[in-house]
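Pasting work_29.cif here (mmCIF, C-alpha atoms):
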data_input
#
loop_
_atom_site.label_atom_id
_atom_site.label_comp_id
_atom_site.auth_asym_id
_atom_site.auth_seq_id
_atom_site.Cartn_x
_atom_site.Cartn_y
_atom_site.Cartn_z
CA MET A 1 -37.33 17.26 -15.71
CA GLU A 2 -36.81 20.92 -16.61
CA ILE A 3 -34.66 21.46 -13.53
CA LEU A 4 -32.53 18.41 -14.35
CA GLU A 5 -31.90 19.80 -17.82
CA GLU A 6 -31.03 23.15 -16.24
CA LEU A 7 -28.51 21.45 -13.94
CA ALA A 8 -26.84 19.87 -16.94
CA GLU A 9 -26.64 23.09 -18.96
CA VAL A 10 -26.14 25.82 -16.34
CA PHE A 11 -24.24 23.97 -13.60
CA ASN A 12 -22.24 21.69 -15.93
CA VAL A 13 -23.47 18.56 -14.16
CA ASN A 14 -23.22 15.39 -16.28
CA ILE A 15 -26.43 13.49 -15.56
CA ALA A 16 -25.83 9.92 -16.70
CA ALA A 17 -29.04 8.38 -15.33
CA TYR A 18 -32.11 9.37 -13.36
CA CYS A 19 -35.31 7.84 -12.04
CA LEU A 20 -38.12 9.77 -10.36
CA MET A 21 -40.14 7.59 -7.99
CA THR A 22 -43.21 8.41 -5.90
CA ASN A 23 -41.35 9.57 -2.78
CA HIS A 24 -37.69 9.75 -3.81
CA TYR A 25 -35.43 9.97 -6.82
CA HIS A 26 -32.08 8.59 -7.97
CA LEU A 27 -29.39 10.42 -9.92
CA LEU A 28 -26.08 9.20 -11.31
CA VAL A 29 -24.02 12.32 -11.93
CA ARG A 30 -20.50 13.48 -12.67
CA THR A 31 -19.47 16.92 -11.44
CA PRO A 32 -16.42 18.24 -13.36
CA ASP A 33 -16.63 21.52 -11.41
CA ALA A 34 -16.89 19.79 -7.99
CA ASN A 35 -20.19 21.56 -7.32
CA LEU A 36 -22.41 18.70 -6.14
CA SER A 37 -23.60 20.44 -2.97
CA ARG A 38 -24.51 23.65 -4.77
CA SER A 39 -26.24 21.77 -7.58
CA MET A 40 -28.31 19.61 -5.24
CA ARG A 41 -29.32 22.67 -3.22
CA HIS A 42 -30.52 24.32 -6.41
CA LEU A 43 -32.39 21.21 -7.54
CA ASN A 44 -34.17 20.48 -4.26
CA SER A 45 -34.98 24.06 -3.29
CA LEU A 46 -36.27 25.05 -6.73
CA TYR A 47 -38.35 21.88 -7.06
CA THR A 48 -39.80 22.46 -3.57
CA GLN A 49 -40.73 26.06 -4.45
CA ARG A 50 -42.49 25.02 -7.65
CA TYR A 51 -44.22 22.05 -6.03
CA ASN A 52 -45.51 24.13 -3.10
CA ARG A 53 -46.70 26.90 -5.38
CA ARG A 54 -48.56 24.47 -7.64
CA HIS A 55 -50.18 22.44 -4.86
CA GLY A 56 -50.68 25.13 -2.20
CA TYR A 57 -48.20 23.77 0.35
CA GLU A 58 -45.58 25.46 2.54
CA GLY A 59 -42.32 24.41 4.12
CA PRO A 60 -39.75 21.72 3.23
CA LEU A 61 -40.72 18.94 0.87
CA PHE A 62 -37.78 16.53 1.25
CA ARG A 63 -36.90 14.84 4.53
CA GLY A 64 -33.30 15.33 5.51
CA ARG A 65 -30.23 15.91 3.41
CA TYR A 66 -29.63 14.03 0.18
CA LYS A 67 -27.45 10.93 0.36
CA SER A 68 -24.41 10.81 -1.91
CA ILE A 69 -22.04 7.98 -2.77
CA LEU A 70 -18.70 8.43 -4.52
CA VAL A 71 -18.63 5.77 -7.25
CA GLU A 72 -15.74 4.25 -9.15
CA SER A 73 -16.24 4.61 -12.89
CA ASP A 74 -16.88 1.95 -15.52
CA SER A 75 -18.23 -1.32 -14.08
CA TYR A 76 -19.76 0.23 -10.96
CA ALA A 77 -21.30 3.03 -13.00
CA LEU A 78 -22.92 0.44 -15.27
CA GLU A 79 -24.34 -1.42 -12.29
CA LEU A 80 -25.86 1.80 -10.95
CA VAL A 81 -27.41 2.67 -14.32
CA ARG A 82 -29.07 -0.75 -14.29
CA TYR A 83 -30.18 -0.36 -10.67
CA ILE A 84 -31.64 3.10 -11.32
CA HIS A 85 -33.45 2.16 -14.52
CA ARG A 86 -34.86 -1.05 -13.03
CA ASN A 87 -36.17 0.69 -9.90
CA PRO A 88 -39.81 1.04 -11.05
CA PHE A 89 -39.84 -2.53 -12.38
CA GLU A 90 -38.32 -4.00 -9.21
CA ALA A 91 -40.86 -2.03 -7.15
CA GLY A 92 -43.73 -3.56 -9.15
CA ILE A 93 -44.91 -0.22 -10.55
CA VAL A 94 -44.60 -1.36 -14.17
CA ASP A 95 -44.16 -4.72 -15.86
CA SER A 96 -41.59 -3.47 -18.37
CA LEU A 97 -38.94 -0.74 -18.28
CA GLU A 98 -40.30 0.93 -21.43
CA LYS A 99 -43.62 1.70 -19.73
CA TYR A 100 -42.12 3.99 -17.11
CA PRO A 101 -41.89 7.60 -18.39
CA TRP A 102 -39.93 9.11 -15.48
CA SER A 103 -36.56 7.45 -15.87
CA SER A 104 -33.74 7.87 -18.37
CA HIS A 105 -34.21 4.37 -19.79
CA LYS A 106 -36.42 5.54 -22.68
CA PRO A 107 -34.10 8.48 -23.49
CA TYR A 108 -31.25 5.94 -23.71
CA MET A 109 -33.22 4.24 -26.48
CA SER A 110 -33.94 7.50 -28.30
CA ASP A 111 -31.90 9.61 -30.73
CA ALA A 112 -34.13 12.67 -30.24
CA LYS A 113 -32.27 15.97 -29.84
CA LYS A 114 -34.30 16.87 -26.76
CA TRP A 115 -32.17 14.38 -24.80
CA LYS A 116 -28.81 15.83 -25.82
CA TRP A 117 -28.31 17.14 -22.27
CA LEU A 118 -28.30 13.55 -20.93
CA TYR A 119 -24.77 12.24 -20.38
CA LYS A 120 -25.56 8.81 -21.83
CA SER A 121 -22.81 8.62 -24.45
CA TYR A 122 -20.19 7.93 -21.77
CA ILE A 123 -22.21 4.99 -20.41
CA LEU A 124 -23.03 3.54 -23.82
CA LYS A 125 -19.39 3.69 -24.93
CA LEU A 126 -18.53 1.43 -22.01
CA PHE A 127 -20.39 -1.28 -23.95
CA SER A 128 -19.00 -0.55 -27.42
CA ASP A 129 -17.66 2.26 -29.62
CA SER A 130 -20.30 1.33 -32.17
CA GLY A 131 -23.59 3.13 -31.56
CA LYS A 132 -25.85 0.27 -32.65
CA GLU A 133 -23.81 -2.37 -30.87
CA SER A 134 -23.62 -0.38 -27.63
CA LEU A 135 -27.39 0.08 -27.62
CA ARG A 136 -27.94 -3.63 -28.23
CA LEU A 137 -25.60 -4.56 -25.39
CA TYR A 138 -27.18 -1.97 -23.11
CA LYS A 139 -30.67 -3.44 -23.71
CA ARG A 140 -29.42 -6.92 -22.92
CA PHE A 141 -27.57 -5.69 -19.82
CA VAL A 142 -30.45 -3.73 -18.29
CA LEU A 143 -32.91 -6.61 -18.73
CA LYS A 144 -30.84 -8.80 -16.41
CA GLU A 145 -31.63 -8.72 -12.71
CA THR A 146 -29.67 -6.32 -10.53
CA PRO A 147 -26.91 -8.23 -8.67
CA GLU A 148 -27.73 -9.09 -5.09
CA GLU A 149 -24.64 -7.16 -3.92
CA ILE A 150 -26.04 -3.89 -5.31
CA ASN A 151 -29.52 -4.52 -3.90
CA ARG A 152 -27.99 -5.34 -0.52
CA ILE A 153 -25.97 -2.10 -0.52
CA PHE A 154 -28.99 0.07 -1.29
CA GLY A 155 -31.15 -1.86 1.13
CA ARG A 156 -29.08 -0.68 4.10
CA LYS A 157 -30.25 2.10 6.38
CA LYS A 158 -26.75 3.60 6.18
CA LEU A 159 -25.43 3.80 2.66
CA PRO A 160 -21.68 3.56 2.06
CA SER A 161 -19.93 6.81 1.24
CA VAL A 162 -17.72 5.12 -1.38
CA LEU A 163 -18.57 2.34 -3.83
CA GLY A 164 -15.89 0.60 -5.85
CA SER A 165 -13.03 -1.84 -5.80
CA LYS A 166 -10.81 -2.25 -2.73
CA GLY A 167 -7.98 -0.36 -4.45
CA PHE A 168 -10.28 2.56 -5.23
CA ILE A 169 -11.64 2.71 -1.67
CA ASP A 170 -8.09 2.58 -0.25
CA ARG A 171 -7.04 5.49 -2.48
CA ILE A 172 -9.98 7.57 -1.29
CA LYS A 173 -9.24 6.74 2.35
CA GLY A 174 -5.58 7.65 1.95
CA ARG A 175 -6.34 10.93 0.23
CA PHE A 176 -9.27 12.27 2.24
CA PHE A 177 -9.36 10.68 5.71
CA SER A 178 -8.23 12.80 8.64
CA PRO A 179 -8.94 12.27 12.36
CA GLU A 180 -10.05 15.90 12.61
CA ASP A 181 -12.87 15.23 10.12
CA PHE A 182 -15.09 13.60 12.72
CA GLU A 183 -16.13 16.89 14.31
CA GLU A 184 -17.02 18.42 10.95
CA ILE A 185 -18.04 15.45 8.78
CA PRO A 186 -19.93 12.56 10.41
CA GLU A 187 -19.53 10.55 7.18
CA ALA A 188 -15.77 10.47 7.82
CA ILE A 189 -16.23 7.33 9.92
CA ARG A 190 -16.69 5.42 6.67
CA LEU A 191 -13.25 6.49 5.49
CA ALA A 192 -11.63 5.61 8.81
CA PRO A 193 -8.99 2.84 9.05
CA ASP A 194 -10.15 -0.68 9.82
CA THR A 195 -9.77 -1.83 13.42
CA ASP A 196 -7.64 -4.74 12.20
CA LYS A 197 -5.25 -2.28 10.57
CA ILE A 198 -4.93 -0.31 13.81
CA LYS A 199 -4.18 -3.50 15.74
CA LEU A 200 -1.67 -4.68 13.14
CA ILE A 201 0.33 -1.44 13.20
CA VAL A 202 0.33 -1.25 17.01
CA CYS A 203 1.53 -4.87 17.23
CA LYS A 204 4.24 -4.21 14.67
CA ALA A 205 5.45 -1.09 16.52
CA TYR A 206 5.70 -2.98 19.83
CA ASN A 207 6.93 -6.23 18.24
CA ILE A 208 4.16 -8.31 19.79
CA ASN A 209 1.47 -10.65 18.49
CA ASP A 210 -2.19 -9.64 18.61
CA ASP A 211 -2.93 -12.03 21.53
CA GLU A 212 -1.16 -9.56 23.80
CA LEU A 213 -3.69 -6.87 22.88
CA TYR A 214 -6.33 -8.81 24.78
CA ALA A 215 -4.27 -9.43 27.94
CA SER A 216 -5.73 -7.82 31.03
CA ARG A 217 -4.32 -8.39 34.50
CA ARG A 218 -4.84 -6.39 37.67
CA GLY A 219 -1.92 -4.03 38.28
CA TYR A 220 -0.50 -4.58 34.78
CA PHE A 221 -0.37 -1.56 32.45
CA ASN A 222 -0.66 -3.01 28.96
CA GLU A 223 0.48 0.00 26.94
CA PRO A 224 0.01 -1.52 23.44
CA ARG A 225 -3.51 -2.66 24.32
CA ASN A 226 -4.46 0.67 25.84
CA ILE A 227 -3.08 2.58 22.86
CA ALA A 228 -4.95 0.32 20.42
CA VAL A 229 -8.18 0.88 22.37
CA TYR A 230 -7.60 4.64 22.44
CA LEU A 231 -6.79 4.84 18.71
CA THR A 232 -9.82 2.74 17.78
CA ARG A 233 -12.00 5.16 19.71
CA HIS A 234 -10.14 8.25 18.45
CA LEU A 235 -9.65 7.42 14.78
CA ARG A 236 -12.90 5.53 14.17
CA ASN A 237 -15.20 7.27 16.66
CA ASP A 238 -16.68 3.86 17.49
CA THR A 239 -18.99 3.59 20.50
CA LEU A 240 -17.56 2.34 23.77
CA LYS A 241 -19.50 -0.90 23.31
CA GLU A 242 -18.12 -1.40 19.78
CA VAL A 243 -14.56 -0.82 21.00
CA GLY A 244 -15.11 -3.27 23.88
CA LEU A 245 -16.23 -5.99 21.49
CA GLN A 246 -13.04 -5.55 19.47
CA PHE A 247 -10.84 -6.09 22.53
CA ASN A 248 -12.92 -8.56 24.58
CA ILE A 249 -13.76 -5.91 27.17
CA ARG A 250 -17.21 -6.56 28.58
CA LYS A 251 -17.96 -3.28 30.29
CA SER A 252 -18.22 0.01 28.40
CA SER A 253 -17.10 1.73 31.61
CA SER A 254 -13.79 -0.16 31.38
CA VAL A 255 -13.27 1.09 27.83
CA SER A 256 -14.08 4.61 28.97
CA SER A 257 -11.54 4.33 31.80
CA ILE A 258 -8.80 3.24 29.37
CA VAL A 259 -9.57 6.08 26.97
CA GLU A 260 -9.60 8.70 29.76
CA ARG A 261 -6.37 7.28 31.22
CA MET A 262 -4.71 7.59 27.82
CA LYS A 263 -5.94 11.16 27.42
CA SER A 264 -4.42 12.05 30.77
CA GLY A 265 -1.21 10.27 29.80
CA LEU A 266 -0.99 12.26 26.57
CA LYS A 267 -0.98 15.50 28.53
CA ALA A 268 1.55 14.37 31.15
CA ASP A 269 3.88 12.04 29.23
CA ARG A 270 5.67 13.56 26.24
CA GLY A 271 7.17 10.20 25.24
CA LEU A 272 3.74 8.55 25.13
CA ARG A 273 2.39 11.45 23.10
CA MET A 274 5.19 11.08 20.55
CA ARG A 275 4.66 7.31 20.28
CA ILE A 276 0.96 7.77 19.63
CA GLU A 277 1.60 10.52 17.08
CA GLU A 278 3.97 8.20 15.21
CA LEU A 279 1.38 5.42 15.26
CA VAL A 280 -1.34 7.74 13.94
CA GLU A 281 0.97 8.85 11.15
CA SER A 282 1.74 5.22 10.26
CA ILE A 283 -1.95 4.26 10.27
CA ILE A 284 -2.96 7.15 8.02
CA LYS A 285 0.03 6.58 5.75
CA SER A 286 -0.92 2.91 5.43
CA GLN A 287 -4.17 4.00 3.79
CA GLU A 288 -2.41 5.82 0.98
CA PRO A 289 -2.39 3.91 -2.31
CA THR A 290 0.81 2.19 -3.35
CA PRO A 291 2.14 3.96 -6.48
CA LEU A 292 2.26 1.88 -9.62
CA PRO A 293 5.75 1.04 -10.92
CA GLN A 294 6.97 3.37 -13.62
CA ASN A 295 7.91 2.06 -17.03
CA GLU A 296 11.56 2.59 -17.78
#
Take the structure I supplied and represent it as structure tokens, if you would.
Amino acid sequence: MEILEELAEVFNVNIAAYCLMTNHYHLLVRTPDANLSRSMRHLNSLYTQRYNRRHGYEGPLFRGRYKSILVESDSYALELVRYIHRNPFEAGIVDSLEKYPWSSHKPYMSDAKKWKWLYKSYILKLFSDSGKESLRLYKRFVLKETPEEINRIFGRKKLPSVLGSKGFIDRIKGRFFSPEDFEEIPEAIRLAPDTDKIKLIVCKAYNINDDELYASRRGYFNEPRNIAVYLTRHLRNDTLKEVGLQFNIRKSSSVSSIVERMKSGLKADRGLRMRIEELVESIIKSQEPTPLPQNE
């Protein structure tokens, strides 16, 4: 708890909600200084040092790197506050939220100055500008069960990297996705374009319908199909099996052959290289958000 308060005051991290469980913890934070990585390193390393010193242990305490999700504000932030605060109750640790001392639920209900570092005013104002009314609405909100959609998301082995509306996710994809990210950032796959979008743009460029992307005949070089297969593998980093399922190709070796053939073609055929570059540019551009019309 002391380290969390230190994060808020020294690192300028807005901690909107927290819950410390027996073998993990949840934080909902806003980082105005874009220093999430540095802040989490400070939190985990300092906590590990103090824990080991107190209990006579050595070595790392946490398994693996922390998992982070970029969250759209307002409604999704409220859902996460509810999910975080209800964690001990949903896990059967307590029979009421008020009985759990290691979450920010009780501080939300308190006016004590010791909680001034908690960034709860932003969340409460989403309910109402009136302090009493916002608290009343918060209590009613948090007592309701967490929506199945949120439970399903956090029940996955692989968490999403972005949580929000479709428009929000599209804006993030358009702004931050780059094919080069795969070598540096494994999480980039979650910002990659949908396979359907790749197929749509290839079909549009070649003026064909998507049925022709599945055509395979001996001795017939189906350039649109091969390009779509190559781009799905290149831009999404999908496995050979996953790519094969998208194009009705049974053998992973056949997918591999197409990809390698396209790589060779890129080196030898300048025209093919230019066509693929234009398609990549169109696919990435299609992920950029459409600007809102300006008022005249």
So that I can see what lies close to Pro101 (chain A), please list as an mmCIF file with C-alpha atoms, in the coordinates of the input the residues with an atom at most 10 Å from it, counting all atoms listed in the file and leaving out residues fewer than 4 positions away in the same chain.
data_model
loop_
_atom_site.group_PDB
_atom_site.id
_atom_site.type_symbol
_atom_site.label_atom_id
_atom_site.label_comp_id
_atom_site.auth_asym_id
_atom_site.auth_seq_id
_atom_site.Cartn_x
_atom_site.Cartn_y
_atom_site.Cartn_z
ATOM 1 C CA CYS A 19 -35.310 7.840 -12.040
ATOM 2 C CA LEU A 20 -38.120 9.770 -10.360
ATOM 3 C CA LEU A 97 -38.940 -0.740 -18.280
ATOM 4 C CA HIS A 105 -34.210 4.370 -19.790
ATOM 5 C CA LYS A 106 -36.420 5.540 -22.680
ATOM 6 C CA PRO A 107 -34.100 8.480 -23.490
#
ask   = Which value, in Å to one decimal, gives the distance between CA of Ile201 (chain A) and CA of Arg250 (chain A)?
value = 23.9 Å
Test item: the PyMOL selection byres ((chain A and resi 138) around 12) resolved as an MDAnalysis selection string = chainID A and resid 78:79 81:82 85 105:106 108:109 120:121 123:128 130:137 139:144
For the selection you just gave me, I'd like the residues written to a file as an mmCIF file, in the coordinates of the input, keeping C-alpha atoms.
data_model
loop_
_atom_site.group_PDB
_atom_site.id
_atom_site.type_symbol
_atom_site.label_atom_id
_atom_site.label_comp_id
_atom_site.auth_asym_id
_atom_site.auth_seq_id
_atom_site.Cartn_x
_atom_site.Cartn_y
_atom_site.Cartn_z
ATOM 1 C CA LEU A 78 -22.920 0.440 -15.270
ATOM 2 C CA GLU A 79 -24.340 -1.420 -12.290
ATOM 3 C CA VAL A 81 -27.410 2.670 -14.320
ATOM 4 C CA ARG A 82 -29.070 -0.750 -14.290
ATOM 5 C CA HIS A 85 -33.450 2.160 -14.520
ATOM 6 C CA HIS A 105 -34.210 4.370 -19.790
ATOM 7 C CA LYS A 106 -36.420 5.540 -22.680
ATOM 8 C CA TYR A 108 -31.250 5.940 -23.710
ATOM 9 C CA MET A 109 -33.220 4.240 -26.480
ATOM 10 C CA LYS A 120 -25.560 8.810 -21.830
ATOM 11 C CA SER A 121 -22.810 8.620 -24.450
ATOM 12 C CA ILE A 123 -22.210 4.990 -20.410
ATOM 13 C CA LEU A 124 -23.030 3.540 -23.820
ATOM 14 C CA LYS A 125 -19.390 3.690 -24.930
ATOM 15 C CA LEU A 126 -18.530 1.430 -22.010
ATOM 16 C CA PHE A 127 -20.390 -1.280 -23.950
ATOM 17 C CA SER A 128 -19.000 -0.550 -27.420
ATOM 18 C CA SER A 130 -20.300 1.330 -32.170
ATOM 19 C CA GLY A 131 -23.590 3.130 -31.560
ATOM 20 C CA LYS A 132 -25.850 0.270 -32.650
ATOM 21 C CA GLU A 133 -23.810 -2.370 -30.870
ATOM 22 C CA SER A 134 -23.620 -0.380 -27.630
ATOM 23 C CA LEU A 135 -27.390 0.080 -27.620
ATOM 24 C CA ARG A 136 -27.940 -3.630 -28.230
ATOM 25 C CA LEU A 137 -25.600 -4.560 -25.390
ATOM 26 C CA LYS A 139 -30.670 -3.440 -23.710
ATOM 27 C CA ARG A 140 -29.420 -6.920 -22.920
ATOM 28 C CA PHE A 141 -27.570 -5.690 -19.820
ATOM 29 C CA VAL A 142 -30.450 -3.730 -18.290
ATOM 30 C CA LEU A 143 -32.910 -6.610 -18.730
ATOM 31 C CA LYS A 144 -30.840 -8.800 -16.410
#
request  = May I have the residues within 12 Å of Glu277 (chain A) as a ChimeraX atom specification, using only C-alpha atoms and disregarding those fewer than 3 positions away in the same chain?
outcome  = /A:179,202,227,231,235,266,270-274,280-284
message = Could you list, as a PyMOL selection string, every residue matched by the PyMOL selection byres ((chain A and resi 17) around 8) in this structure?
response = chain A and resi 15-16+18-19+26-29+81+84-85+103-105+118-120
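Taking CA of Glu212 (chain A) and CA of Ser253 (chain A) as endpoints, the distance between them is 21.0 Å.
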ask   = Suppose you want the space between CA of Ser45 (chain A) and CA of Phe62 (chain A); what is it in Å?
value = 9.2 Å
inquiry  = List as JSON, numbers by chain the protein and nucleic acid residues near Pro32 (chain A), meaning an atom at most 10 Å away when only C-alpha atoms are counted, but skip any in the same chain fewer than 3 places from it.
reply    = {"A": [11, 12, 13, 14, 29, 35, 36]}
Box in all listed atoms of region 142-161 of chain A, axis-aligned, with 3 Å more on each side; write out centre and edge lengths in Å to one decimal as AutoDock Vina command-line options.
--center_x -26.4 --center_y -1.1 --center_z -6.2 --size_x 19.0 --size_y 21.9 --size_z 31.1
message = With only C-alpha atoms as the counted atoms, please give the residues lying no more than 8 Å from Ile258 (chain A), apart from itself and same-chain residues fewer than 2 positions off, as a list of chain:residue names.
response = A:Asn226, A:Val229, A:Tyr230, A:Ser254, A:Val255, A:Ser256, A:Glu260, A:Arg261, A:Met262
key: Selection as a ChimeraX atom specification: residues within 12 Å of (-17.6, -2.7, 22.1), counting all atoms listed in the file   = /A:195,229,232-233,237-256
query = In file coordinates, which residues lie within 12 Å of (-36.8, 20.9, -4.8) using only C-alpha atoms, given as a ChimeraX atom specification?
reply = /A:1-4,24-25,39-53,59-63,65-66
Each residue of region 146-257 of chain A with at least one atom at most 12 Å from region 87-94 of chain A should appear once, together with its nearest atom pair and the corresponding distance in Å (one decimal); atoms considered: all atoms listed in the file; ordering: chain, then increasing residue number; output as a tab-separated table.
residue	atom	partner	partner_atom	distance
A:Thr146	CA	A:Glu90	CA	9.1
A:Asn151	CA	A:Glu90	CA	10.3
A:Phe154	CA	A:Asn87	CA	11.2
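Distances here use only C-alpha atoms; by that measure, the residue among A:Ser75, A:Lys285, A:Asp33, A:Ser264 closest to Ser165 (chain A) is A:Ser75.
Take the candidates A:Lys114, A:Lys67, A:His55, A:Arg38 and check each one against Glu5 (chain A) using all atoms listed in the file; the shortest distance goes to A:Lys114.
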query = Near Glu72 (chain A), within 8 Å and counting all atoms listed in the file, which residues show up once chain neighbours fewer than 4 positions away are dropped, as an NGL selection string?
reply = :A and (76-77 or 163-165 or 168)
